[in-house]
$ cat protein-v1.cif   # mmCIF, C-alpha atoms
data_my_file
loop_
_atom_site.label_atom_id
_atom_site.label_comp_id
_atom_site.auth_asym_id
_atom_site.auth_seq_id
_atom_site.Cartn_x
_atom_site.Cartn_y
_atom_site.Cartn_z
CA MET A 1 -132.11 70.21 97.04
CA PRO A 2 -132.81 73.24 99.22
CA ALA A 3 -136.38 74.40 99.24
CA ASP A 4 -135.46 78.02 98.37
CA LEU A 5 -134.13 77.04 94.91
CA ALA A 6 -137.34 75.41 93.71
CA PRO A 7 -139.15 78.66 92.73
CA SER A 8 -136.14 79.82 90.68
CA ARG A 9 -136.38 76.72 88.45
CA HIS A 10 -139.98 77.54 87.68
CA LEU A 11 -138.93 81.09 86.65
CA MET A 12 -136.04 80.03 84.35
CA ALA A 13 -138.18 78.02 81.94
CA PRO A 14 -140.42 80.95 80.86
CA LEU A 15 -137.36 83.23 80.48
CA VAL A 16 -135.59 80.78 78.13
CA SER A 17 -138.73 80.50 76.00
CA ILE A 18 -138.98 84.27 75.67
CA VAL A 19 -135.33 84.63 74.59
CA VAL A 20 -135.65 81.89 71.94
CA SER A 21 -138.81 83.48 70.57
CA LEU A 22 -137.07 86.86 70.20
CA LEU A 23 -134.11 85.35 68.32
CA LEU A 24 -136.42 83.49 65.93
CA ALA A 25 -138.39 86.67 65.22
CA ALA A 26 -135.20 88.58 64.45
CA CYS A 27 -134.09 85.92 61.96
CA VAL A 28 -137.46 85.92 60.19
CA ASN A 29 -137.60 89.74 59.84
CA THR A 30 -134.06 89.97 58.34
CA PRO A 31 -134.35 89.81 54.46
CA MET A 32 -132.13 87.25 52.81
CA PRO A 33 -130.49 88.22 49.43
CA THR A 34 -131.96 86.04 46.75
CA ASP A 35 -130.06 87.50 43.74
CA PRO A 36 -126.25 87.77 44.05
CA ALA A 37 -126.27 90.59 41.48
CA ALA A 38 -128.48 92.66 43.82
CA THR A 39 -125.81 92.90 46.54
CA PRO A 40 -123.97 96.23 46.94
CA ALA A 41 -120.65 94.66 45.89
CA ALA A 42 -122.19 93.25 42.72
CA GLN A 43 -123.86 96.59 41.89
CA ALA A 44 -120.52 98.38 42.32
CA ARG A 45 -118.85 95.94 39.95
CA ALA A 46 -121.64 96.39 37.38
CA ALA A 47 -121.18 100.17 37.45
CA VAL A 48 -117.56 99.85 36.31
CA PRO A 49 -117.40 99.80 32.44
CA PRO A 50 -115.50 96.94 30.82
CA PRO A 51 -111.90 97.69 29.80
CA PRO A 52 -111.28 98.81 26.18
CA PRO A 53 -110.18 96.14 23.73
CA GLU A 54 -106.50 95.54 23.20
CA PRO A 55 -104.88 97.20 20.17
CA ALA A 56 -104.71 93.84 18.40
CA GLN A 57 -108.49 93.49 18.74
CA ARG A 58 -109.33 96.93 17.36
CA ALA A 59 -110.24 97.45 13.73
CA SER A 60 -107.40 98.56 11.53
CA ALA A 61 -107.25 102.21 10.51
CA GLY A 62 -106.94 101.43 6.80
CA PRO A 63 -105.50 99.08 4.19
CA ASP A 64 -101.83 98.14 4.38
CA ARG A 65 -100.36 99.81 1.30
CA SER A 66 -97.03 98.02 1.79
CA ARG A 67 -98.65 94.78 0.57
CA ASP A 68 -99.29 96.45 -2.80
CA TYR A 69 -95.59 97.26 -3.29
CA VAL A 70 -94.29 95.75 -6.53
CA VAL A 71 -90.94 94.03 -5.94
CA GLY A 72 -88.04 94.81 -8.28
CA SER A 73 -84.49 93.63 -8.82
CA GLY A 74 -82.15 94.53 -5.98
CA ASP A 75 -84.84 94.44 -3.30
CA VAL A 76 -84.18 92.35 -0.19
CA LEU A 77 -87.04 90.16 1.05
CA ARG A 78 -87.43 88.53 4.44
CA ILE A 79 -89.62 85.43 4.09
CA ASN A 80 -91.06 83.68 7.15
CA VAL A 81 -93.09 80.46 7.29
CA TYR A 82 -95.00 79.93 10.53
CA GLN A 83 -93.56 77.06 12.64
CA ASN A 84 -91.01 76.24 9.93
CA ALA A 85 -87.82 78.08 10.77
CA ASP A 86 -85.81 76.13 8.19
CA LEU A 87 -87.93 77.69 5.43
CA SER A 88 -87.49 81.26 6.70
CA LEU A 89 -84.73 83.25 5.02
CA GLU A 90 -83.64 86.63 3.68
CA ALA A 91 -82.97 86.84 -0.06
CA ARG A 92 -82.00 89.53 -2.57
CA VAL A 93 -83.87 89.68 -5.88
CA ASN A 94 -81.45 89.25 -8.77
CA GLU A 95 -81.45 91.17 -12.04
CA SER A 96 -83.90 88.68 -13.55
CA GLY A 97 -86.39 89.24 -10.73
CA VAL A 98 -85.81 85.76 -9.26
CA ILE A 99 -84.90 84.41 -5.82
CA SER A 100 -83.78 80.91 -4.81
CA TYR A 101 -86.11 79.36 -2.23
CA PRO A 102 -85.77 75.99 -0.42
CA LEU A 103 -87.85 73.12 -1.84
CA LEU A 104 -89.22 75.35 -4.62
CA GLY A 105 -86.01 76.34 -6.40
CA GLN A 106 -86.18 79.50 -8.53
CA VAL A 107 -89.20 81.67 -7.72
CA VAL A 108 -90.07 84.67 -9.89
CA VAL A 109 -90.90 87.63 -7.62
CA GLY A 110 -90.01 90.61 -9.81
CA GLY A 111 -93.08 92.51 -10.92
CA ARG A 112 -95.23 90.89 -8.23
CA SER A 113 -96.74 92.53 -5.18
CA VAL A 114 -95.89 91.38 -1.65
CA GLY A 115 -99.27 89.70 -1.30
CA GLU A 116 -98.85 87.84 -4.59
CA ILE A 117 -95.42 86.55 -3.54
CA GLU A 118 -96.82 85.27 -0.25
CA GLN A 119 -99.57 83.43 -2.11
CA ALA A 120 -97.17 81.98 -4.71
CA ILE A 121 -94.82 80.53 -2.08
CA ALA A 122 -97.71 79.20 0.00
CA ASP A 123 -99.25 77.53 -3.09
CA GLY A 124 -95.90 75.96 -4.01
CA LEU A 125 -95.38 74.50 -0.56
CA LYS A 126 -98.92 73.17 -0.45
CA LYS A 127 -98.97 71.67 -3.97
CA GLY A 128 -95.61 70.01 -3.35
CA ASN A 129 -97.05 68.34 -0.23
CA PHE A 130 -94.33 69.93 1.90
CA ILE A 131 -96.75 71.71 4.28
CA LYS A 132 -100.49 71.18 4.49
CA GLN A 133 -101.52 74.70 5.47
CA PRO A 134 -98.49 77.02 5.05
CA GLN A 135 -98.69 80.51 6.51
CA VAL A 136 -96.19 82.70 4.67
CA SER A 137 -95.28 86.33 5.37
CA VAL A 138 -93.00 88.50 3.22
CA LEU A 139 -91.38 91.76 4.32
CA VAL A 140 -89.35 94.07 2.07
CA THR A 141 -86.38 95.03 4.25
CA GLN A 142 -84.46 97.01 1.60
CA VAL A 143 -85.90 98.80 -1.39
CA ARG A 144 -83.46 98.96 -4.29
CA GLY A 145 -85.51 97.96 -7.30
CA ASN A 146 -88.05 100.82 -7.42
CA GLN A 147 -86.53 104.25 -7.06
CA ALA A 148 -87.04 107.76 -8.36
CA SER A 149 -84.61 110.67 -8.48
CA VAL A 150 -85.18 114.22 -7.28
CA LEU A 151 -82.87 116.83 -8.78
CA GLY A 152 -82.45 120.59 -8.77
CA ALA A 153 -83.62 123.05 -6.12
CA ALA A 154 -85.15 120.52 -3.74
CA GLY A 155 -84.56 120.41 -0.01
CA ARG A 156 -82.69 117.07 -0.17
CA PRO A 157 -81.93 116.03 -3.77
CA GLY A 158 -81.15 112.33 -4.29
CA ARG A 159 -82.63 108.91 -5.04
CA TYR A 160 -85.68 107.79 -3.07
CA PRO A 161 -87.38 104.38 -2.89
CA ILE A 162 -90.91 103.95 -4.14
CA GLU A 163 -92.06 101.93 -1.14
CA VAL A 164 -95.75 101.77 -2.00
CA LYS A 165 -97.68 101.22 -5.17
CA GLY A 166 -99.19 104.40 -6.56
CA MET A 167 -96.83 106.90 -4.92
CA ARG A 168 -97.76 110.44 -5.98
CA LEU A 169 -95.51 113.31 -7.02
CA SER A 170 -96.45 115.22 -3.87
CA GLU A 171 -95.29 112.29 -1.69
CA LEU A 172 -91.95 112.05 -3.51
CA LEU A 173 -91.42 115.81 -3.19
CA ALA A 174 -92.20 115.62 0.53
CA LEU A 175 -89.57 112.88 0.97
CA ALA A 176 -87.04 115.18 -0.72
CA GLY A 177 -87.77 118.04 1.69
CA GLY A 178 -90.01 120.04 -0.62
CA VAL A 179 -88.92 122.98 -2.75
CA ALA A 180 -85.82 124.72 -1.40
CA ALA A 181 -85.44 128.48 -1.06
CA GLY A 182 -85.04 129.97 -4.51
CA GLY A 183 -86.71 126.98 -6.15
CA SER A 184 -89.50 127.27 -8.66
CA GLU A 185 -93.03 126.15 -7.91
CA ILE A 186 -93.20 124.59 -11.37
CA VAL A 187 -91.62 121.11 -11.23
CA THR A 188 -91.09 118.63 -14.05
CA LEU A 189 -91.67 114.86 -13.85
CA SER A 190 -90.07 112.80 -16.61
CA GLY A 191 -89.75 109.08 -17.32
CA ILE A 192 -91.08 106.32 -19.56
CA ARG A 193 -94.77 105.49 -20.05
CA GLU A 194 -95.83 102.61 -22.32
CA GLY A 195 -92.41 102.59 -23.92
CA LYS A 196 -92.48 106.28 -24.83
CA PRO A 197 -90.75 109.28 -23.21
CA PHE A 198 -92.96 111.02 -20.68
CA ARG A 199 -92.69 114.60 -19.45
CA GLN A 200 -95.17 116.58 -17.35
CA LYS A 201 -94.98 119.97 -15.64
CA VAL A 202 -96.84 120.37 -12.34
CA ASP A 203 -97.59 123.61 -10.50
CA VAL A 204 -96.86 122.77 -6.86
CA SER A 205 -98.61 125.90 -5.62
CA GLN A 206 -101.85 124.72 -7.23
CA LEU A 207 -101.32 121.17 -5.99
CA PHE A 208 -100.94 122.15 -2.35
CA GLY A 209 -103.19 125.19 -2.55
CA GLY A 210 -106.41 123.19 -2.39
CA ASN A 211 -107.10 123.17 -6.12
CA SER A 212 -109.05 119.94 -6.63
CA ALA A 213 -108.45 120.11 -10.39
CA ALA A 214 -104.64 120.10 -9.99
CA GLU A 215 -103.14 116.82 -11.15
CA ASP A 216 -100.87 114.84 -8.84
CA PRO A 217 -99.31 112.22 -11.17
CA ILE A 218 -98.17 108.77 -10.08
CA VAL A 219 -94.40 108.22 -9.85
CA LEU A 220 -92.97 105.05 -11.41
CA ASN A 221 -89.62 103.32 -11.17
CA GLY A 222 -86.87 105.29 -12.91
CA ASP A 223 -88.74 108.62 -12.94
CA THR A 224 -86.92 111.90 -12.38
CA LEU A 225 -88.43 114.91 -10.64
CA TYR A 226 -86.63 118.16 -11.45
CA VAL A 227 -87.14 121.32 -9.41
CA ASP A 228 -85.89 124.27 -11.41
CA LYS A 229 -84.60 127.48 -9.85
CA LEU A 230 -86.68 130.60 -9.96
CA PRO A 231 -85.93 132.77 -13.00
CA THR A 232 -83.67 135.72 -12.32
CA VAL A 233 -83.58 139.45 -13.04
CA TYR A 234 -80.57 141.67 -12.45
CA ILE A 235 -80.38 145.12 -10.96
CA TYR A 236 -77.40 147.45 -10.85
CA GLY A 237 -76.61 151.13 -10.45
CA GLU A 238 -77.76 153.27 -7.56
CA VAL A 239 -79.41 150.57 -5.41
CA GLN A 240 -78.49 149.33 -1.95
CA ARG A 241 -77.89 145.69 -2.97
CA PRO A 242 -77.14 145.32 -6.67
CA GLY A 243 -77.02 141.87 -8.21
CA PRO A 244 -79.35 139.01 -9.23
CA ILE A 245 -82.87 138.77 -7.78
CA ALA A 246 -85.17 135.74 -7.92
CA LEU A 247 -88.15 136.59 -10.09
CA THR A 248 -91.37 135.59 -8.38
CA PRO A 249 -94.61 135.34 -10.39
CA ASP A 250 -95.96 138.74 -11.46
CA MET A 251 -93.09 140.65 -9.83
CA THR A 252 -93.28 144.36 -10.66
CA LEU A 253 -90.44 146.82 -11.16
CA MET A 254 -91.22 148.40 -7.79
CA GLN A 255 -91.00 145.02 -6.05
CA ALA A 256 -87.64 144.32 -7.70
CA LEU A 257 -86.29 147.65 -6.43
CA ALA A 258 -87.54 146.80 -2.94
CA SER A 259 -85.79 143.40 -3.13
CA GLY A 260 -82.58 145.26 -3.96
CA GLY A 261 -82.89 147.32 -0.79
CA GLY A 262 -84.27 150.41 -2.51
CA LEU A 263 -82.49 153.36 -4.05
CA THR A 264 -79.39 154.96 -2.62
CA GLN A 265 -79.35 158.64 -1.70
CA ARG A 266 -78.04 159.41 -5.16
CA GLY A 267 -80.47 157.18 -7.05
CA THR A 268 -83.54 158.34 -8.93
CA GLU A 269 -86.60 156.65 -10.43
CA ARG A 270 -86.49 158.95 -13.44
CA GLY A 271 -84.87 157.65 -16.57
CA MET A 272 -84.74 154.08 -15.29
CA LYS A 273 -83.82 151.66 -18.08
CA VAL A 274 -84.62 147.97 -18.49
CA HIS A 275 -82.57 145.89 -20.90
CA ARG A 276 -84.72 143.07 -22.29
CA ARG A 277 -84.05 140.36 -24.87
CA ASN A 278 -86.72 140.18 -27.55
CA GLY A 279 -88.03 137.17 -29.45
CA SER A 280 -85.18 137.25 -31.96
CA GLY A 281 -82.56 137.25 -29.20
CA LYS A 282 -81.55 140.92 -29.50
CA VAL A 283 -81.36 143.15 -26.43
CA GLU A 284 -83.65 146.16 -26.39
CA ILE A 285 -83.86 149.06 -23.95
CA VAL A 286 -87.39 149.67 -22.69
CA GLU A 287 -88.89 152.02 -20.15
CA LEU A 288 -91.31 150.52 -17.63
CA ARG A 289 -93.66 151.97 -15.09
CA MET A 290 -93.27 150.95 -11.47
CA THR A 291 -96.36 148.74 -11.74
CA ASP A 292 -95.24 146.90 -14.90
CA THR A 293 -94.21 143.27 -14.51
CA LEU A 294 -90.73 142.00 -15.28
CA ARG A 295 -89.61 139.08 -17.43
CA PRO A 296 -86.89 136.49 -16.83
CA GLY A 297 -83.47 137.87 -17.68
CA ASP A 298 -84.39 141.56 -17.44
CA VAL A 299 -81.55 143.87 -16.43
CA ILE A 300 -82.55 147.01 -14.54
CA TYR A 301 -80.30 150.05 -14.46
CA VAL A 302 -80.90 152.75 -11.85
CA ARG A 303 -79.37 156.09 -12.81
CA GLU A 304 -77.74 158.63 -10.55
CA SER A 305 -79.70 161.78 -9.86
CA LEU A 306 -78.22 164.93 -11.37
CA PHE A 307 -79.63 167.18 -8.65
#
$ encode --input "protein-v1.cif" --output "structure tokens"
Amino acid sequence: MPADLAPSRHLMAPLVSIVVSLLLAACVNTPMPTDPAATPAAQARAAVPPPPPEPAQRASAGPDRSRDYVVGSGDVLRINVYQNADLSLEARVNESGVISYPLLGQVVVGGRSVGEIEQAIADGLKKGNFIKQPQVSVLVTQVRGNQASVLGAAGRPGRYPIEVKGMRLSELLALAGGVAAGGSEIVTLSGIREGKPFRQKVDVSQLFGGNSAAEDPIVLNGDTLYVDKLPTVYIYGEVQRPGPIALTPDMTLMQALASGGGLTQRGTERGMKVHRRNGSGKVEIVELRMTDTLRPGDVIYVRESLF
């Protein structure tokens, strides 16, 4: 080996030692993460809130009133048994309130709620040793057995199903479109209660006006809700629009004239006559002030001015 390379070997050894020492010091001074949750990525994930539960996991908003529906003759039921398609069917309730069901034969469902029918079928399948743990669901697809009629001055008169147990008069009236124009706010609910004829008048204005004491009766199968027309008064003579006028509560003579368009140029308020039927059925002629209230059937005659 040449003599001039010998000193360089002696210099390389100290340099290598210095470099190794620096690398080891750098590794020692660098902190090592001991907790994975303390890393920036883990902290970012922890800051994100968990997703909301699925709708199926959330608590239900209230009880299912459809399970309280009492089945009647003519209703159509869809019965499903979990993992037993041969026992699932759709059946119509006959006039005796009975359906024919596989393995069980004739099953009485009339007068029972949906929940009671589910339990009865499940008990029959279990007691007959057909299924160990039957899971039965019943759905009313057509309501024909429990209906009520709405007649008179309603928005949509007709027959309406009572789809839930305990349906109120207000709910039935809402299904029928409420009271139509010209209809009275006094409605009449009639039917049968405990084998006796039932009849009740309800003031709809009080019912929907926030009166807590107003009664909202329960509607039963076969009931009839009748919405009468407003009573009428008649006006003729020197008015813009003679003819019948719907009599609203506490309508005055002045209001009736305004409903008729007011007086013509030849009309006068003096000598105005009102023909009214008294308690014995005879017609009397009475004179009213403009602030006096009218009665159903009143006939108002507006005279022509002489000047």
$ closest_residue --input "protein-v1.cif" --among "A:Glu90, A:Asp216, A:Asp298, A:Glu95" --to "Leu139 (chain A)" --atoms "all atoms listed in the file"
A:Glu90
$ residues_around --input "protein-v1.cif" --residues "Arg289 (chain A)" --least-positions-apart "2" --cutoff "10 Å" --atoms "all atoms listed in the file" --output "PyMOL selection string"
chain A and resi 252-254+269+272+287+291-293
$ atom_distance --input "protein-v1.cif" --atom1 "CA of Arg303 (chain A)" --atom2 "CA of Gly261 (chain A)"
15.3 Å
$ atom_distance --input "protein-v1.cif" --atom1 "CA of Leu225 (chain A)" --atom2 "CA of Pro157 (chain A)"
9.5 Å
$ resolve_selection --input "protein-v1.cif" --expression "the PyMOL selection byres ((chain A and resi 248) around 12)" --output "JSON, numbers by chain"
{"A": [181, 182, 183, 184, 185, 186, 229, 230, 231, 232, 233, 245, 246, 247, 249, 250, 251, 252, 253, 255, 256, 259, 293, 294, 295, 296]}
$ atom_distance --input "protein-v1.cif" --atom1 "CA of Arg276 (chain A)" --atom2 "CA of Asp228 (chain A)"
21.8 Å
$ residues_near_point --input "protein-v1.cif" --point "(-81.6, 110.0, -5.7)" --cutoff "6 Å" --atoms "all atoms listed in the file" --output "PyMOL selection string"
chain A and resi 149-150+158-160
$ resolve_selection --input "protein-v1.cif" --expression "the PyMOL selection byres ((chain A and resi 72) around 8)" --output "ChimeraX atom specification"
/A:70-71,73-75,93,97,109-111,144-146
$ resolve_selection --input "protein-v1.cif" --expression "the PyMOL selection byres ((chain A and resi 165-176) around 10)" --output "JSON, numbers by chain"
{"A": [65, 66, 67, 68, 69, 70, 71, 113, 146, 148, 149, 150, 151, 154, 155, 156, 157, 158, 159, 160, 161, 162, 163, 164, 177, 178, 179, 180, 187, 188, 189, 202, 204, 207, 208, 215, 216, 217, 218, 219, 220, 225, 226, 227]}
$ closest_residue --input "protein-v1.cif" --among "A:Gly279, A:Pro197, A:Gly297, A:Gly222" --to "Pro244 (chain A)" --atoms "all atoms listed in the file"
A:Gly297
$ residues_around --input "protein-v1.cif" --residues "Gly267 (chain A)" --least-positions-apart "2" --cutoff "10 Å" --atoms "only C-alpha atoms" --output "PDB file with C-alpha atoms, in the coordinates of the input"
ATOM      1  CA  GLY A 237     -76.610 151.130 -10.450  1.00  0.00           C
ATOM      2  CA  GLU A 238     -77.760 153.270  -7.560  1.00  0.00           C
ATOM      3  CA  VAL A 239     -79.410 150.570  -5.410  1.00  0.00           C
ATOM      4  CA  GLN A 240     -78.490 149.330  -1.950  1.00  0.00           C
ATOM      5  CA  GLY A 262     -84.270 150.410  -2.510  1.00  0.00           C
ATOM      6  CA  LEU A 263     -82.490 153.360  -4.050  1.00  0.00           C
ATOM      7  CA  THR A 264     -79.390 154.960  -2.620  1.00  0.00           C
ATOM      8  CA  GLN A 265     -79.350 158.640  -1.700  1.00  0.00           C
ATOM      9  CA  GLU A 269     -86.600 156.650 -10.430  1.00  0.00           C
ATOM     10  CA  ARG A 270     -86.490 158.950 -13.440  1.00  0.00           C
ATOM     11  CA  MET A 272     -84.740 154.080 -15.290  1.00  0.00           C
ATOM     12  CA  VAL A 302     -80.900 152.750 -11.850  1.00  0.00           C
ATOM     13  CA  ARG A 303     -79.370 156.090 -12.810  1.00  0.00           C
ATOM     14  CA  GLU A 304     -77.740 158.630 -10.550  1.00  0.00           C
ATOM     15  CA  SER A 305     -79.700 161.780  -9.860  1.00  0.00           C
ATOM     16  CA  LEU A 306     -78.220 164.930 -11.370  1.00  0.00           C
TER      17      LEU A 306
END
$ residues_around --input "protein-v1.cif" --residues "Val274 (chain A)" --least-positions-apart "3" --cutoff "6 Å" --atoms "all atoms listed in the file" --output "list of chain:residue names"
A:Ile285, A:Val286, A:Val299, A:Ile300
$ closest_residue --input "protein-v1.cif" --among "A:Ile121, A:Gly191, A:Gly115, A:Arg241" --to "Tyr101 (chain A)" --atoms "only C-alpha atoms"
A:Ile121
$ residues_near_point --input "protein-v1.cif" --point "(-90.3, 78.2, 8.6)" --cutoff "12 Å" --atoms "all atoms listed in the file" --output "ChimeraX atom specification"
/A:78-90,101-103,121-122,125,130-131,134-138
$ build_atoms --input "protein-v1.cif" --residues "region 288-303 of chain A" --atoms "N, CA and C atoms" --output "mmCIF file, in the frame of the given file"
data_model
loop_
_atom_site.group_PDB
_atom_site.id
_atom_site.type_symbol
_atom_site.label_atom_id
_atom_site.label_comp_id
_atom_site.auth_asym_id
_atom_site.auth_seq_id
_atom_site.Cartn_x
_atom_site.Cartn_y
_atom_site.Cartn_z
ATOM 1 N N LEU A 288 -90.159 151.116 -18.304
ATOM 2 C CA LEU A 288 -91.310 150.520 -17.630
ATOM 3 C C LEU A 288 -91.810 151.423 -16.519
ATOM 4 N N ARG A 289 -93.094 151.311 -16.264
ATOM 5 C CA ARG A 289 -93.660 151.970 -15.090
ATOM 6 C C ARG A 289 -93.398 151.106 -13.858
ATOM 7 N N MET A 290 -93.549 151.692 -12.704
ATOM 8 C CA MET A 290 -93.270 150.950 -11.470
ATOM 9 C C MET A 290 -94.208 149.766 -11.284
ATOM 10 N N THR A 291 -95.373 149.823 -11.909
ATOM 11 C CA THR A 291 -96.360 148.740 -11.740
ATOM 12 C C THR A 291 -96.271 147.690 -12.851
ATOM 13 N N ASP A 292 -95.381 147.875 -13.813
ATOM 14 C CA ASP A 292 -95.240 146.900 -14.900
ATOM 15 C C ASP A 292 -94.480 145.668 -14.394
ATOM 16 N N THR A 293 -94.848 144.513 -14.935
ATOM 17 C CA THR A 293 -94.210 143.270 -14.510
ATOM 18 C C THR A 293 -92.923 143.029 -15.302
ATOM 19 N N LEU A 294 -92.018 142.301 -14.678
ATOM 20 C CA LEU A 294 -90.730 142.000 -15.280
ATOM 21 C C LEU A 294 -90.753 140.626 -15.931
ATOM 22 N N ARG A 295 -89.758 140.360 -16.754
ATOM 23 C CA ARG A 295 -89.610 139.080 -17.430
ATOM 24 C C ARG A 295 -88.275 138.456 -17.031
ATOM 25 N N PRO A 296 -88.177 137.137 -17.153
ATOM 26 C CA PRO A 296 -86.890 136.490 -16.830
ATOM 27 C C PRO A 296 -85.749 137.068 -17.668
ATOM 28 N N GLY A 297 -84.641 137.363 -16.998
ATOM 29 C CA GLY A 297 -83.470 137.870 -17.680
ATOM 30 C C GLY A 297 -83.399 139.380 -17.812
ATOM 31 N N ASP A 298 -84.418 140.093 -17.363
ATOM 32 C CA ASP A 298 -84.390 141.560 -17.440
ATOM 33 C C ASP A 298 -83.220 142.108 -16.616
ATOM 34 N N VAL A 299 -82.635 143.188 -17.127
ATOM 35 C CA VAL A 299 -81.550 143.870 -16.430
ATOM 36 C C VAL A 299 -81.990 145.320 -16.186
ATOM 37 N N ILE A 300 -82.045 145.691 -14.918
ATOM 38 C CA ILE A 300 -82.550 147.010 -14.540
ATOM 39 C C ILE A 300 -81.365 147.913 -14.181
ATOM 40 N N TYR A 301 -81.351 149.092 -14.759
ATOM 41 C CA TYR A 301 -80.300 150.050 -14.460
ATOM 42 C C TYR A 301 -80.918 151.281 -13.812
ATOM 43 N N VAL A 302 -80.411 151.595 -12.591
ATOM 44 C CA VAL A 302 -80.900 152.750 -11.850
ATOM 45 C C VAL A 302 -79.866 153.866 -11.987
ATOM 46 N N ARG A 303 -80.286 154.986 -12.557
ATOM 47 C CA ARG A 303 -79.370 156.090 -12.810
ATOM 48 C C ARG A 303 -79.132 156.908 -11.553
#
